[in-house]
Amino acid sequence: MKKKCDLLIHNAQLITCADNGSEFGLVEQGAVACDQGKIVWMGASDQISAFAANTSIDANNNIVTPGLIDCHTHLVFAGSRANEFAMRLAGASYEAIAQAGGGILSTVKATRAACLEQLVESTCQRLAHLKSQGVMTVEIKSGYGLDFDSELKMLAAARAAGERMGMDVKTTLLAAHAIPPEFADDRPGYVSLICQEIIPHVAKHKLADAVDAFCEGIGFSVAETRQIFDAAARWGLPVKLHADQLSDLGGAGLVAEYGGLSADHIEYTSLNSVQKMAEHHTIATLLPYAFYALQETKKPPIKAFREWGIDMAIATDSNPGTAPTTNLLQCLHMACTQFGLTVEEAILGVTINAAKALGIDDEKGSIEVGKASQMVLWDTDQIADLVYWQGQTLVKQTFK
Ligand code: NIG
Ligand code: FE
């Protein structure tokens, strides 16, 4: 008697991204059976006669990967910052533009003025491009609302856009992205609004999956970030951090101390922080597009991450200021060319390690029995093609 299943993919080079001893977790001549949204069996293609599948796909020895994950984005926003790009080309720095009231605050103004539907609509367009690249799970942060209602509006827009696009969205509260203009003379007042009102409400109503902050000279101090992390901990929300992007405030070590999911950007991260990340299994999320767009020269300490066994994720950081892109595959390319990652590190960075950065690695990020049946069949038999080739998509078929 044959076993029934919804989907059977066979004759594939399975890039499982699971820890099976081979590079990329490769299974050659592999087959995978899925039923009711889960992977129920994996094995060799010559064993598939045991199955009767509703849909059977011959991969022709091409690559199959887990559905890709973009674990750090600011996809919900209104307005444009194209003018700032021009200003930066003319010599103004990101920090100088921010201090002059541009930067994040200019996007805040536009985002506050936009209605929910406008935000959902523009976010769907950005998600559509990610989806065309085989991305199935996307983290989206708030952080352009900076008041109670506008932050909630952003979180709601993120989830609604995910639903409309048939993609899985994880939301992160980033109310601590900048001090809003009405609190310019009252920083403690804004931090307590976040800690006493926004975080408790978001936690009670399960509106966000994590809490983030921008710990930086032009963002929030270490002491303020601690207050926000303490509030998140009281309300049972995991934390992550925009850490050490423009200077070393010890942010990566700080988020590690709190048992956080990930430290993101981390160009200026010190060895001391790297050691704390290793101790607490904090993921290092690399954002090579922001590095490139800001024309940064200080690279994240990749060698130390490797030496200390820290898993690296890669994300777009998609946002109107420092990463005007929805091209995750290009970010893989850049992580290799700019930061010296290997092809294997790049692929793991948008699969299993990105899942770890979101705390969802028990259900996603690798092709393993019991995990979600989210996979991409690529129009190539060489895994390096995903990182190497830029331009038209190599996605042949997606399964979700
Ligand atoms: O991840 N660094 C802070 N936040 C964003 C930039 C946001 C913006 O400029 O709008 C980032 O790079
Ligand atoms: Fe960011």
# chains A, B, ... in the order shown; residues from 1 in each chain; ligands from 1

call {"tool": "residues_around", "arguments": {"residues": "stretch 376-385 of chain A", "least_positions_apart": "3", "cutoff": "9 Å", "atoms": "only C-alpha atoms", "output": "list in words"}}
result
Ala12, Gln13, Ile15, Ala59, Asn60, Asn61, Asn62, Ile63, Val64, Thr65, Pro66, Gly67, Leu68, Gly134, Val135, Val343, Glu344, Ile347, Tyr388, Trp389, Gln390, Thr393, Leu394, Val395, Lys396, Gln397, Thr398, Phe399 and Lys400 of chain A

call {"tool": "select_by_dssp", "arguments": {"residues": "stretch 148-338 of chain A", "states": "strand (DSSP E)", "output": "number ranges by chain"}}
result
A: 168-176, 210-215, 240-243, 262-265, 283-286, 312-314

call {"tool": "write_last_selection", "arguments": {"atoms": "C-alpha atoms", "output": "PDB file, in the first residue's frame"}}
result
ATOM      1  CA  ASP A 168       4.913  34.764   6.602  1.00  0.00           C
ATOM      2  CA  VAL A 169       5.669  38.036   8.351  1.00  0.00           C
ATOM      3  CA  LYS A 170       7.340  38.363  11.748  1.00  0.00           C
ATOM      4  CA  THR A 171       6.874  41.802  13.265  1.00  0.00           C
ATOM      5  CA  THR A 172       9.391  43.635  15.435  1.00  0.00           C
ATOM      6  CA  LEU A 173       8.623  46.691  17.533  1.00  0.00           C
ATOM      7  CA  LEU A 174      11.302  49.318  16.838  1.00  0.00           C
ATOM      8  CA  ALA A 175       9.730  52.275  18.643  1.00  0.00           C
ATOM      9  CA  ALA A 176      13.277  53.029  19.852  1.00  0.00           C
ATOM     10  CA  ALA A 210      10.270  40.864  19.162  1.00  0.00           C
ATOM     11  CA  VAL A 211      11.588  44.239  20.321  1.00  0.00           C
ATOM     12  CA  ASP A 212      14.484  46.072  18.667  1.00  0.00           C
ATOM     13  CA  ALA A 213      16.293  49.381  19.275  1.00  0.00           C
ATOM     14  CA  PHE A 214      18.814  51.567  17.465  1.00  0.00           C
ATOM     15  CA  CYS A 215      21.704  51.767  19.935  1.00  0.00           C
ATOM     16  CA  LYS A 240      17.414  42.091  18.936  1.00  0.00           C
ATOM     17  CA  LEU A 241      19.481  45.195  18.287  1.00  0.00           C
ATOM     18  CA  HIS A 242      20.764  47.615  15.658  1.00  0.00           C
ATOM     19  CA  ALA A 243      24.234  47.382  17.155  1.00  0.00           C
ATOM     20  CA  SER A 262      20.509  38.743  17.018  1.00  0.00           C
ATOM     21  CA  ALA A 263      22.912  41.655  16.836  1.00  0.00           C
ATOM     22  CA  ASP A 264      22.486  43.411  13.509  1.00  0.00           C
ATOM     23  CA  HIS A 265      24.868  45.584  11.402  1.00  0.00           C
ATOM     24  CA  ILE A 283      23.180  35.473  15.737  1.00  0.00           C
ATOM     25  CA  ALA A 284      25.325  37.990  13.820  1.00  0.00           C
ATOM     26  CA  THR A 285      23.068  39.573  11.197  1.00  0.00           C
ATOM     27  CA  LEU A 286      25.067  41.155   8.389  1.00  0.00           C
ATOM     28  CA  MET A 312      25.849  34.619  10.546  1.00  0.00           C
ATOM     29  CA  ALA A 313      22.589  35.689   8.927  1.00  0.00           C
ATOM     30  CA  ILE A 314      22.254  38.068   5.968  1.00  0.00           C
TER      31      ILE A 314
END

call {"tool": "atom_distance", "arguments": {"atom1": "atom CA of A:Ile179", "atom2": "atom CA of A:Ser318"}}
result
20.9 Å

call {"tool": "closest_atom_pairs", "arguments": {"of": "chain A", "to": "ligand 2", "cutoff": "7 Å", "atoms": "only C-alpha atoms and all ligand atoms", "output": "Markdown table"}}
result
| residue | atom | partner | partner_atom_place_in_ligand_line | distance |
| --- | --- | --- | --- | --- |
| A:His72 | CA | ligand 2 | 1 (Fe) | 6.3 |
| A:Thr73 | CA | ligand 2 | 1 (Fe) | 6.1 |
| A:His74 | CA | ligand 2 | 1 (Fe) | 6.4 |
| A:His242 | CA | ligand 2 | 1 (Fe) | 6.4 |
| A:Asp317 | CA | ligand 2 | 1 (Fe) | 4.8 |

call {"tool": "residues_near_ligand", "arguments": {"ligand": "ligand 1", "cutoff": "7 Å", "atoms": "only C-alpha atoms and all ligand atoms", "output": "PDB file with C-alpha atoms, in the first residue's frame"}}
result
ATOM      1  CA  GLY A 103      16.819  60.858   7.804  1.00  0.00           C
ATOM      2  CA  ILE A 104      14.539  58.654   9.871  1.00  0.00           C
ATOM      3  CA  THR A 107      10.156  59.081   6.883  1.00  0.00           C
ATOM      4  CA  HIS A 177      14.445  53.978  16.356  1.00  0.00           C
ATOM      5  CA  PHE A 214      18.814  51.567  17.465  1.00  0.00           C
ATOM      6  CA  HIS A 242      20.764  47.615  15.658  1.00  0.00           C
ATOM      7  CA  ALA A 290      23.487  49.353   4.171  1.00  0.00           C
ATOM      8  CA  ASP A 317      17.711  45.898   5.868  1.00  0.00           C
ATOM      9  CA  ASN A 319      14.576  50.861   4.197  1.00  0.00           C
ATOM     10  CA  PRO A 320      14.312  54.241   2.500  1.00  0.00           C
ATOM     11  CA  GLY A 321      17.474  55.667   4.072  1.00  0.00           C
ATOM     12  CA  THR A 322      20.359  53.261   4.150  1.00  0.00           C
ATOM     13  CA  ALA A 323      19.208  50.264   2.114  1.00  0.00           C
TER      14      ALA A 323
END

call {"tool": "closest_atom_pairs", "arguments": {"of": "stretch 40-122 of chain A", "to": "stretch 184-207 of chain A", "cutoff": "12 Å", "atoms": "only C-alpha atoms", "output": "JSON lines"}}
result
{"residue": "A:Gln99", "atom": "CA", "partner": "A:Ala184", "partner_atom": "CA", "distance": 11.6}
{"residue": "A:Gly101", "atom": "CA", "partner": "A:Ala184", "partner_atom": "CA", "distance": 11.0}
{"residue": "A:Leu105", "atom": "CA", "partner": "A:Ala184", "partner_atom": "CA", "distance": 11.5}

call {"tool": "write_last_selection", "arguments": {"atoms": "N, CA, C and O atoms", "output": "PDB file, in the first residue's frame"}}
result
ATOM      1  N   GLN A  99      20.788  64.666  11.887  1.00  0.00           N
ATOM      2  CA  GLN A  99      20.814  65.751  12.872  1.00  0.00           C
ATOM      3  C   GLN A  99      20.095  66.992  12.373  1.00  0.00           C
ATOM      4  O   GLN A  99      19.580  67.781  13.156  1.00  0.00           O
ATOM      5  N   GLY A 101      17.348  66.955  10.885  1.00  0.00           N
ATOM      6  CA  GLY A 101      15.897  66.701  10.853  1.00  0.00           C
ATOM      7  C   GLY A 101      15.455  65.843   9.685  1.00  0.00           C
ATOM      8  O   GLY A 101      14.282  65.530   9.525  1.00  0.00           O
ATOM      9  N   LEU A 105      13.571  60.758  10.636  1.00  0.00           N
ATOM     10  CA  LEU A 105      12.432  61.632  10.973  1.00  0.00           C
ATOM     11  C   LEU A 105      11.650  62.098   9.750  1.00  0.00           C
ATOM     12  O   LEU A 105      10.457  62.369   9.839  1.00  0.00           O
TER      13      LEU A 105
END

call {"tool": "closest_atom_pairs", "arguments": {"of": "stretch 154-186 of chain A", "to": "stretch 113-116 of chain A", "cutoff": "8 Å", "atoms": "only C-alpha atoms", "output": "Markdown table"}}
result
| residue | atom | partner | partner_atom | distance |
| --- | --- | --- | --- | --- |
| A:Met154 | CA | A:Leu116 | CA | 7.7 |
| A:Ala156 | CA | A:Leu116 | CA | 7.8 |
| A:Ala157 | CA | A:Leu116 | CA | 6.1 |

call {"tool": "residues_around", "arguments": {"residues": "A:Gly250", "least_positions_apart": "6", "cutoff": "10 Å", "atoms": "only C-alpha atoms", "output": "ChimeraX atom specification"}}
result
/A:215-216,222,243-244,266,268-274

call {"tool": "atom_distance", "arguments": {"atom1": "atom CA of A:Val108", "atom2": "atom CA of A:Glu84"}}
result
14.6 Å

call {"tool": "residues_around", "arguments": {"residues": "A:Thr337", "least_positions_apart": "2", "cutoff": "12 Å", "atoms": "only C-alpha atoms", "output": "list in words"}}
result
Pro288, Tyr289, Tyr292, Lys299, Gln330, Cys331, Leu332, His333, Met334, Ala335, Phe339, Gly340, Leu341, Thr342, Val343, Ala346, Val387 and Tyr388 of chain A

call {"tool": "write_last_selection", "arguments": {"atoms": "N, CA, C and O atoms", "output": "PDB file, in the first residue's frame"}}
result
ATOM      1  N   PRO A 288      24.870  43.893   4.339  1.00  0.00           N
ATOM      2  CA  PRO A 288      25.883  44.435   3.423  1.00  0.00           C
ATOM      3  C   PRO A 288      25.371  45.555   2.527  1.00  0.00           C
ATOM      4  O   PRO A 288      26.157  46.361   2.053  1.00  0.00           O
ATOM      5  N   TYR A 289      24.045  45.607   2.309  1.00  0.00           N
ATOM      6  CA  TYR A 289      23.563  46.687   1.439  1.00  0.00           C
ATOM      7  C   TYR A 289      23.683  48.041   2.134  1.00  0.00           C
ATOM      8  O   TYR A 289      24.069  49.040   1.517  1.00  0.00           O
ATOM      9  N   TYR A 292      27.202  49.136   2.050  1.00  0.00           N
ATOM     10  CA  TYR A 292      27.540  49.629   0.708  1.00  0.00           C
ATOM     11  C   TYR A 292      26.941  51.009   0.443  1.00  0.00           C
ATOM     12  O   TYR A 292      27.615  51.930  -0.007  1.00  0.00           O
ATOM     13  N   LYS A 299      34.522  47.052   8.217  1.00  0.00           N
ATOM     14  CA  LYS A 299      33.777  45.810   7.966  1.00  0.00           C
ATOM     15  C   LYS A 299      33.513  45.049   9.259  1.00  0.00           C
ATOM     16  O   LYS A 299      34.311  45.129  10.193  1.00  0.00           O
ATOM     17  N   GLN A 330      20.985  39.867  -4.148  1.00  0.00           N
ATOM     18  CA  GLN A 330      22.121  40.770  -4.340  1.00  0.00           C
ATOM     19  C   GLN A 330      22.881  40.956  -3.018  1.00  0.00           C
ATOM     20  O   GLN A 330      24.106  41.111  -3.007  1.00  0.00           O
ATOM     21  N   CYS A 331      22.140  40.922  -1.909  1.00  0.00           N
ATOM     22  CA  CYS A 331      22.800  41.048  -0.604  1.00  0.00           C
ATOM     23  C   CYS A 331      23.707  39.851  -0.324  1.00  0.00           C
ATOM     24  O   CYS A 331      24.745  39.987   0.321  1.00  0.00           O
ATOM     25  N   LEU A 332      23.326  38.674  -0.833  1.00  0.00           N
ATOM     26  CA  LEU A 332      24.203  37.504  -0.698  1.00  0.00           C
ATOM     27  C   LEU A 332      25.510  37.747  -1.459  1.00  0.00           C
ATOM     28  O   LEU A 332      26.602  37.496  -0.956  1.00  0.00           O
ATOM     29  N   HIS A 333      25.335  38.213  -2.675  1.00  0.00           N
ATOM     30  CA  HIS A 333      26.488  38.523  -3.526  1.00  0.00           C
ATOM     31  C   HIS A 333      27.417  39.516  -2.804  1.00  0.00           C
ATOM     32  O   HIS A 333      28.626  39.330  -2.733  1.00  0.00           O
ATOM     33  N   MET A 334      26.804  40.552  -2.230  1.00  0.00           N
ATOM     34  CA  MET A 334      27.598  41.587  -1.561  1.00  0.00           C
ATOM     35  C   MET A 334      28.248  41.076  -0.281  1.00  0.00           C
ATOM     36  O   MET A 334      29.353  41.505   0.072  1.00  0.00           O
ATOM     37  N   ALA A 335      27.564  40.199   0.429  1.00  0.00           N
ATOM     38  CA  ALA A 335      28.165  39.638   1.649  1.00  0.00           C
ATOM     39  C   ALA A 335      29.426  38.868   1.284  1.00  0.00           C
ATOM     40  O   ALA A 335      30.401  38.850   2.041  1.00  0.00           O
ATOM     41  N   PHE A 339      32.350  41.300   2.309  1.00  0.00           N
ATOM     42  CA  PHE A 339      32.746  40.809   3.642  1.00  0.00           C
ATOM     43  C   PHE A 339      33.520  39.493   3.578  1.00  0.00           C
ATOM     44  O   PHE A 339      33.953  38.984   4.600  1.00  0.00           O
ATOM     45  N   GLY A 340      33.618  38.919   2.380  1.00  0.00           N
ATOM     46  CA  GLY A 340      34.414  37.698   2.238  1.00  0.00           C
ATOM     47  C   GLY A 340      33.727  36.424   2.687  1.00  0.00           C
ATOM     48  O   GLY A 340      34.389  35.433   3.018  1.00  0.00           O
ATOM     49  N   LEU A 341      32.401  36.416   2.707  1.00  0.00           N
ATOM     50  CA  LEU A 341      31.716  35.169   3.055  1.00  0.00           C
ATOM     51  C   LEU A 341      31.873  34.144   1.941  1.00  0.00           C
ATOM     52  O   LEU A 341      32.050  34.503   0.770  1.00  0.00           O
ATOM     53  N   THR A 342      31.771  32.887   2.293  1.00  0.00           N
ATOM     54  CA  THR A 342      31.765  31.832   1.288  1.00  0.00           C
ATOM     55  C   THR A 342      30.335  31.679   0.769  1.00  0.00           C
ATOM     56  O   THR A 342      29.378  32.170   1.382  1.00  0.00           O
ATOM     57  N   VAL A 343      30.196  30.962  -0.343  1.00  0.00           N
ATOM     58  CA  VAL A 343      28.858  30.704  -0.883  1.00  0.00           C
ATOM     59  C   VAL A 343      28.023  29.952   0.160  1.00  0.00           C
ATOM     60  O   VAL A 343      26.851  30.259   0.380  1.00  0.00           O
ATOM     61  N   ALA A 346      26.811  32.280   2.780  1.00  0.00           N
ATOM     62  CA  ALA A 346      25.756  33.153   2.254  1.00  0.00           C
ATOM     63  C   ALA A 346      24.414  32.425   2.233  1.00  0.00           C
ATOM     64  O   ALA A 346      23.389  32.969   2.669  1.00  0.00           O
ATOM     65  N   VAL A 387      24.125  32.996  -5.708  1.00  0.00           N
ATOM     66  CA  VAL A 387      24.897  34.097  -5.135  1.00  0.00           C
ATOM     67  C   VAL A 387      25.587  34.893  -6.244  1.00  0.00           C
ATOM     68  O   VAL A 387      25.729  36.108  -6.167  1.00  0.00           O
ATOM     69  N   TYR A 388      25.964  34.177  -7.264  1.00  0.00           N
ATOM     70  CA  TYR A 388      26.778  34.738  -8.336  1.00  0.00           C
ATOM     71  C   TYR A 388      25.968  35.591  -9.320  1.00  0.00           C
ATOM     72  O   TYR A 388      26.280  36.740  -9.597  1.00  0.00           O
TER      73      TYR A 388
END

call {"tool": "residues_around", "arguments": {"residues": "A:Asn20", "least_positions_apart": "5", "cutoff": "12 Å", "atoms": "only C-alpha atoms", "output": "list in words"}}
result
Leu14, Ile15, Gly25, Leu26, Val27, Ser366, Ile367 and Glu368 of chain A

call {"tool": "decode", "arguments": {"residues": "stretch 330-361 of chain A", "atoms": "N, CA and C atoms", "output": "mmCIF file, in the first residue's frame"}}
result
data_model
loop_
_atom_site.group_PDB
_atom_site.id
_atom_site.type_symbol
_atom_site.label_atom_id
_atom_site.label_comp_id
_atom_site.auth_asym_id
_atom_site.auth_seq_id
_atom_site.Cartn_x
_atom_site.Cartn_y
_atom_site.Cartn_z
ATOM 1 N N GLN A 330 20.985 39.867 -4.148
ATOM 2 C CA GLN A 330 22.121 40.770 -4.340
ATOM 3 C C GLN A 330 22.881 40.956 -3.018
ATOM 4 N N CYS A 331 22.140 40.922 -1.909
ATOM 5 C CA CYS A 331 22.800 41.048 -0.604
ATOM 6 C C CYS A 331 23.707 39.851 -0.324
ATOM 7 N N LEU A 332 23.326 38.674 -0.833
ATOM 8 C CA LEU A 332 24.203 37.504 -0.698
ATOM 9 C C LEU A 332 25.510 37.747 -1.459
ATOM 10 N N HIS A 333 25.335 38.213 -2.675
ATOM 11 C CA HIS A 333 26.488 38.523 -3.526
ATOM 12 C C HIS A 333 27.417 39.516 -2.804
ATOM 13 N N MET A 334 26.804 40.552 -2.230
ATOM 14 C CA MET A 334 27.598 41.587 -1.561
ATOM 15 C C MET A 334 28.248 41.076 -0.281
ATOM 16 N N ALA A 335 27.564 40.199 0.429
ATOM 17 C CA ALA A 335 28.165 39.638 1.649
ATOM 18 C C ALA A 335 29.426 38.868 1.284
ATOM 19 N N CYS A 336 29.419 38.247 0.116
ATOM 20 C CA CYS A 336 30.606 37.509 -0.336
ATOM 21 C C CYS A 336 31.686 38.458 -0.842
ATOM 22 N N THR A 337 31.289 39.417 -1.703
ATOM 23 C CA THR A 337 32.325 40.269 -2.306
ATOM 24 C C THR A 337 32.865 41.298 -1.306
ATOM 25 N N GLN A 338 31.985 41.848 -0.449
ATOM 26 C CA GLN A 338 32.452 42.895 0.471
ATOM 27 C C GLN A 338 33.016 42.337 1.772
ATOM 28 N N PHE A 339 32.350 41.300 2.309
ATOM 29 C CA PHE A 339 32.746 40.809 3.642
ATOM 30 C C PHE A 339 33.520 39.493 3.578
ATOM 31 N N GLY A 340 33.618 38.919 2.380
ATOM 32 C CA GLY A 340 34.414 37.698 2.238
ATOM 33 C C GLY A 340 33.727 36.424 2.687
ATOM 34 N N LEU A 341 32.401 36.416 2.707
ATOM 35 C CA LEU A 341 31.716 35.169 3.055
ATOM 36 C C LEU A 341 31.873 34.144 1.941
ATOM 37 N N THR A 342 31.771 32.887 2.293
ATOM 38 C CA THR A 342 31.765 31.832 1.288
ATOM 39 C C THR A 342 30.335 31.679 0.769
ATOM 40 N N VAL A 343 30.196 30.962 -0.343
ATOM 41 C CA VAL A 343 28.858 30.704 -0.883
ATOM 42 C C VAL A 343 28.023 29.952 0.160
ATOM 43 N N GLU A 344 28.639 28.997 0.839
ATOM 44 C CA GLU A 344 27.898 28.237 1.846
ATOM 45 C C GLU A 344 27.409 29.159 2.968
ATOM 46 N N GLU A 345 28.289 30.033 3.454
ATOM 47 C CA GLU A 345 27.886 30.953 4.524
ATOM 48 C C GLU A 345 26.738 31.850 4.056
ATOM 49 N N ALA A 346 26.811 32.280 2.780
ATOM 50 C CA ALA A 346 25.756 33.153 2.254
ATOM 51 C C ALA A 346 24.414 32.425 2.233
ATOM 52 N N ILE A 347 24.415 31.201 1.761
ATOM 53 C CA ILE A 347 23.151 30.442 1.672
ATOM 54 C C ILE A 347 22.592 30.159 3.071
ATOM 55 N N LEU A 348 23.465 29.758 3.981
ATOM 56 C CA LEU A 348 22.985 29.497 5.350
ATOM 57 C C LEU A 348 22.482 30.793 5.992
ATOM 58 N N GLY A 349 23.006 31.926 5.524
ATOM 59 C CA GLY A 349 22.631 33.227 6.083
ATOM 60 C C GLY A 349 21.206 33.644 5.784
ATOM 61 N N VAL A 350 20.618 33.083 4.739
ATOM 62 C CA VAL A 350 19.223 33.452 4.412
ATOM 63 C C VAL A 350 18.289 32.253 4.559
ATOM 64 N N THR A 351 18.807 31.208 5.226
ATOM 65 C CA THR A 351 17.959 30.039 5.492
ATOM 66 C C THR A 351 17.996 29.751 6.996
ATOM 67 N N ILE A 352 18.806 28.779 7.389
ATOM 68 C CA ILE A 352 18.744 28.337 8.789
ATOM 69 C C ILE A 352 19.188 29.432 9.769
ATOM 70 N N ASN A 353 20.226 30.205 9.403
ATOM 71 C CA ASN A 353 20.685 31.216 10.362
ATOM 72 C C ASN A 353 19.724 32.394 10.447
ATOM 73 N N ALA A 354 19.058 32.698 9.337
ATOM 74 C CA ALA A 354 18.027 33.742 9.383
ATOM 75 C C ALA A 354 16.852 33.274 10.238
ATOM 76 N N ALA A 355 16.535 31.981 10.143
ATOM 77 C CA ALA A 355 15.465 31.427 10.996
ATOM 78 C C ALA A 355 15.853 31.538 12.466
ATOM 79 N N LYS A 356 17.119 31.275 12.767
ATOM 80 C CA LYS A 356 17.584 31.409 14.156
ATOM 81 C C LYS A 356 17.484 32.864 14.621
ATOM 82 N N ALA A 357 17.789 33.791 13.722
ATOM 83 C CA ALA A 357 17.733 35.220 14.089
ATOM 84 C C ALA A 357 16.302 35.655 14.406
ATOM 85 N N LEU A 358 15.339 34.859 13.961
ATOM 86 C CA LEU A 358 13.933 35.176 14.252
ATOM 87 C C LEU A 358 13.338 34.218 15.284
ATOM 88 N N GLY A 359 14.152 33.292 15.757
ATOM 89 C CA GLY A 359 13.649 32.327 16.753
ATOM 90 C C GLY A 359 12.631 31.356 16.181
ATOM 91 N N ILE A 360 12.725 31.065 14.876
ATOM 92 C CA ILE A 360 11.755 30.153 14.257
ATOM 93 C C ILE A 360 12.439 28.944 13.615
ATOM 94 N N ASP A 361 13.661 28.640 14.075
ATOM 95 C CA ASP A 361 14.411 27.557 13.448
ATOM 96 C C ASP A 361 13.854 26.172 13.780
#
